[in-house]
Each structure stands twice: as structure tokens, then as C-alpha cells.
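K.L.:
Below is one structure. I have some questions about it.
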Amino acid sequence: MTRLIDVTVPDIGDYKDVPVIELLVQPGDHIAADDPILTLESDKATMDVPAPVAGIVRELLAKVGDRVSQGSLVMKIETAEGGTAAAAAEAAQAAPPAPVAVPVAAAPAAPPPPPAAEPSAPAALPPALGGKVHASPSVRGYARELGVDLAQVRASGSKGRITREDITTHVKAAMSSGSVPGKTPAAAPGNGLDLLPWPKIDFAKFGPIETQPLSRIKKISGANLSRNAVVIPHVTNFDEADITDLEAFRVALNKEHDKSGRKLTMLAFLIKACVSALRKFPEFNASLDGDNLVLKKYFHIAFAADTPNGLVVPVIRDADRKGLYEIAAEAAELAKKARDGKLGPADMSGGCFTVSSLGGIGGTAFTPIINAPEVAILGVTKAQTKPVWDGQQFVPRLILPLCLSWDHRVVDGVLAARFLVHLQSVLGDFRRISLEG
Ligand code: COA
């Protein structure tokens, strides 16, 4: 016995009317539970919707380009009646699994790319379809945003469809080749990136190699990081905070709560200290929007989380209204979700400022890339005990390196130095936080 299950779009956070950009199954396909069945794309993430049950795809009720929201009927799957399959089906209809999202590095208000990425395509990429272009509305919108002529893009999707990744690849190739037809690098205007082509080397000539495809997260975050590095005039200021007392306090509290499992992390203190600095210097809690600076009255703090597939940036919302334990627990939960590949779009959107901590690993300093459209990011590395002169003698103190990258279109060096001095004073004596209104 079999039964026909209606498959609906699961909880996709705050998103509504999200375009379907790819159907990953066809009628007649045999699928397992959790197999990706279609891909949705918001302005922040692409999401693969997993199959709620194992079975056979009987009918597709959504097509590429349709806009869907939570609860929209997208297909019918025939599943085996009885036993665990039927139970799974009931469960699936009641609570379909959440989609798996891949961030588009939190960059909804992307500044335009440099002119090298404009319509003129690199000569090395022939038009895929020789005229007729197949692409979803969202992919067309993405191409328009970047000024890409779709007729020049090589399509890799099924039936010759151009995907979002095809456009990203096209733009990257155009930027790295610098070979804008009709212009030699010397003749190109001064505002272009007149770069040499990316070196093409047969590495196998020099020794054994293995080629591995980049993960989806790395491809998407790589494109965003490249854009942010090229478009934003980054400057990084460095400073140090004396966290001897703070670390002693943290360790003592963790010992006290050893049995309950409640744990305070340095990351939680850093997030709280950043909220304090953002309150004092609102230019850092802002985003550029054309000629305007949008100042945010909320404090959603993102943090970089390392995963086996690459870097993701989940967001702790309203960190100003949360206690240290709550922030520590939420960060741990989000970091686990990130490592398990289970972050949803809502987990990664709305960030105001990012903290990137390499403190548990090592290093003395680094220059983090700003997570656009934010205007600054704090990097911290490993705290080390150092001799500090107290006016009479050298005393051992635990010193935390701070690295603040900031967007020079919005902030300047004086403000950045003050921001770090404030962080230094709060981290040096956390009681100062309690004095804030
Ligand atoms: N200095 C010295 N030691 C530190 C430290 C610091 N700044 N921060 C953390 N530690 C130590 C602590 O001893 C801690 O153990 P303890 O709490 O039992 O004493 C240990 O490192 C682990 O720290 P923990 O708090 O569990 O993790 P974390 O806060 O260091 O890291 C993440 C959590 C999510 C930030 C981390 O897993 C991660 O993904 N980091 C990578 C960030 C990244 O990729 N950045 C991008 C660079 S381009």
C-alpha cells in the first residue's frame, strides 16, 4: 500500500515569496528522506529543501521562478504505507524538516562591482546558448545587479539554465583576467582593476597533486569575501587588552558552575564588550546605503564560526538585552548548528558587527575582512601572559590582542583607536558595563 503525501515549504525564517531557483527532482524519481528536492533563494542565502519522506516523486506543483512561502505546496510524493514510512509521512506533514541554507555572506546591500565586471565578458568564456538565455527571475536580477550580460555567461544548470554560481564564476573570471575586450590594460580607465590573468599552471609537472572541488559554502563566501576585500577600503587598527582579572573571574565562575554545565566563554564577554563600544560609537553600528549611513538602534552581533565546509557567520540577536550566560549558550548552539550544516537563513541575517575569534587556536594578529554591509569587524587572537611595567616593576599580565578592521568610507583612524581604547577599558574592568544606562 502506498499513499500520496503533499510536500509543503517548511519554516524558512522571516522569508516570504522566495523564488524557486532549481528543481532537483523529476516525476518518477526515487528519493530518500532528506534528499534535497528543490532550491530556494533569498537575498541572503540559497536553501535546499529536503524531502520529508522517502518515496517516488509523483507530481511537481512548483516550477523554477515560482515564488513560495512557508506552507506553499510544491510537490506530491508517493510513499509506502504502513510501518515507519507512514509514521514518517505523518511526522513530515506535521513538521517538515528545515531547509539547509548556504549564506551569501550577509550582503544584501552589495555595492556595485568594479567596472572590470561590467557587461563585456572575457574572451575566454563563449556564450553558452548562442542567443536564447534560460535563467530564473532571481538569477536575472542578480545579473542585472552586477551588470552582467546573460548571453555571455556559460550555463551549467540543467537544460542549459544559467545558475547564480555561473554568474559569480563569470564575474570572477572577468575580474581576474582583466581582459576586457577592446581595451588593453594600459588603455583601460584608471578606475578599473587592470589585473593580470590568474596564473594557469600545470602543477602536476612539479609533483603529485590531488584536485578537490571547493565546497558550496567556500564558493559563495569566497565570492563575497573577494568583493568585500576589493570594494571596501579596509584599515586595521591593533591594540591589546589586559584581561588578567576578567579571565580569573571567568575561570572562577566556570568552576562554581562546574556541575551545572553552565559555561562562560571569552567570546560572550567580547560580544558584550562590543555592544558597549557600539553604543558609545554608533558609526560602527551602521551600514552604507548609497549616500546615506543607516544607523541601527539594535545590536545583533555576528561571530565567525569555523566548519568543516568553510566559514559561516551566525548572528546573536539583541545581544544588548541578553546576559553573558545566554550569549555563551546561544553562541555554542549556533556554532554546533553551523558545524552540522543546519543553520537557517534567520540564523545568519541582520548582523550589525562581527567578532572573529581565533583565540582558542593561536596567532598574534590578523586583518579580518569586513562582512558587508557591516562597517567593521573585530578579530581577536590568543591571549598570552606578558611582562607589563606597573611603574615600579614588571608584572605578569594576561594580554589579549585586538584587531579592528574598519571601512574608511564610514569610520576614521581616530574613531577606530577610540573604539579599541573603550574595548580595552571594558575588558580590563568588566564592572564598567554595569555603569552603562
Ligand atoms: N585567548 C586564549 N585562549 C582562548 C581565547 C583567547 N582569546 N579564546 C578562547 N580560548 C581558549 C580557552 O581556554 C577555551 O577553553 P576554556 O573555556 O575551557 O578555558 C578554549 O580556547 C576554547 O574556547 P571556546 O570558548 O570553547 O571557543 P572559542 O570561543 O575560542 O571559539 C568559535 C568559538 C565559534 C569562535 C570557534 O569555534 C571558531 O569557529 N573560531 C574560528 C573563527 C574563524 O574562523 N574566524 C575567521 C578567521 S578568517
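Chain labels follow the order of the C-alpha cells: the first chain is A, the next B, and so on; residue numbering restarts at 1 in every chain, and ligands are counted from 1 in their shown order.
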Counting only C-alpha atoms and all ligand atoms, which protein, DNA or RNA residues come within 9 Å of ligand 1, given as a ChimeraX atom specification?

P.N.:
/A:247,250-251,254,263-268,303-307,310-313,328,331-332,334-336,338-339,355-362,366-369,379-384,398-401

K.L.:
Restricting the calculation to only C-alpha atoms, which member of A:Ala51, A:Ile56, A:Met1, A:Ala223 is positioned closest to A:Pro27?

P.N.:
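Counting only C-alpha atoms, the residue closest to A:Pro27 is A:Ile56.
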
K.L.:
If we count only C-alpha atoms and set the cut-off at 6 Å, which residues sit around stretch 225-234 of chain A, ignoring sequence neighbours fewer than 4 positions away in its own chain? Please answer as a CSV table (one decimal) with C-alpha atoms, in the first residue's frame.

P.N.:
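See out.csv below for the written result:
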```csv
chain,number,residue,atom,x,y,z
A,221,SER,CA,31.7,33.0,0.9
A,406,TRP,CA,37.0,49.2,9.6
A,407,ASP,CA,35.6,50.8,6.5
A,408,HIS,CA,37.4,54.1,5.8
```

K.L.:
Could you work out how far atom CA of A:Met47 lies from atom CA of A:Glu59, giving the answer in Å with one decimal?

P.N.:
21.0 Å

K.L.:
Measuring between only C-alpha atoms, which one of A:Leu40, A:Val148, A:Ala32, A:Ile377 shows the shortest distance to A:Leu278?

P.N.:
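Closest to A:Leu278 of all the choices is A:Ile377.
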
K.L.:
Using atom CA of A:Ser136 and atom CA of A:Val68 as the two end points, give the distance in Å to one decimal.

P.N.:
13.8 Å

K.L.:
Neighbours of A:Glu283 within 9 Å (only C-alpha atoms; same-chain residues fewer than 3 positions away dropped), as a PyMOL selection string?

P.N.:
chain A and resi 278+286-287+293-295+375+410-411+415

K.L.:
Those residues you just picked out, can you put them in a file as a CSV table (one decimal), in the first residue's frame with C-alpha atoms?

P.N.:
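Saved the output as result-v2.csv:
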```csv
chain,number,residue,atom,x,y,z
A,278,LEU,CA,28.8,50.1,19.6
A,286,ALA,CA,25.8,51.2,10.7
A,287,SER,CA,25.7,50.4,7.0
A,293,LEU,CA,24.5,56.0,6.5
A,294,VAL,CA,21.9,53.8,8.2
A,295,LEU,CA,22.4,53.8,11.9
A,375,VAL,CA,31.4,48.6,8.6
A,410,VAL,CA,32.5,55.5,7.2
A,411,VAL,CA,35.0,55.5,10.1
A,415,LEU,CA,37.4,56.8,15.9
```

K.L.:
Go ahead and compute the interatomic distance for atom CA of A:Val57 and atom CA of A:Gly28, in Å to one decimal.

P.N.:
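We find that atom CA of A:Val57 and atom CA of A:Gly28 lie 5.3 Å from each other.
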
K.L.:
Which residue is closest to A:Arg262? Choose from A:Ala248, A:Ile220, A:Leu324, A:Leu420 and count only C-alpha atoms.

P.N.:
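Smallest separation from A:Arg262 among the options: A:Leu324.
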
K.L.:
Hey, which of A:Ala151, A:Leu214, A:Ile5, A:Val20 ends up closest to A:Thr79? Count only C-alpha atoms.

P.N.:
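Checking each candidate against A:Thr79, we get A:Ile5 as the closest.
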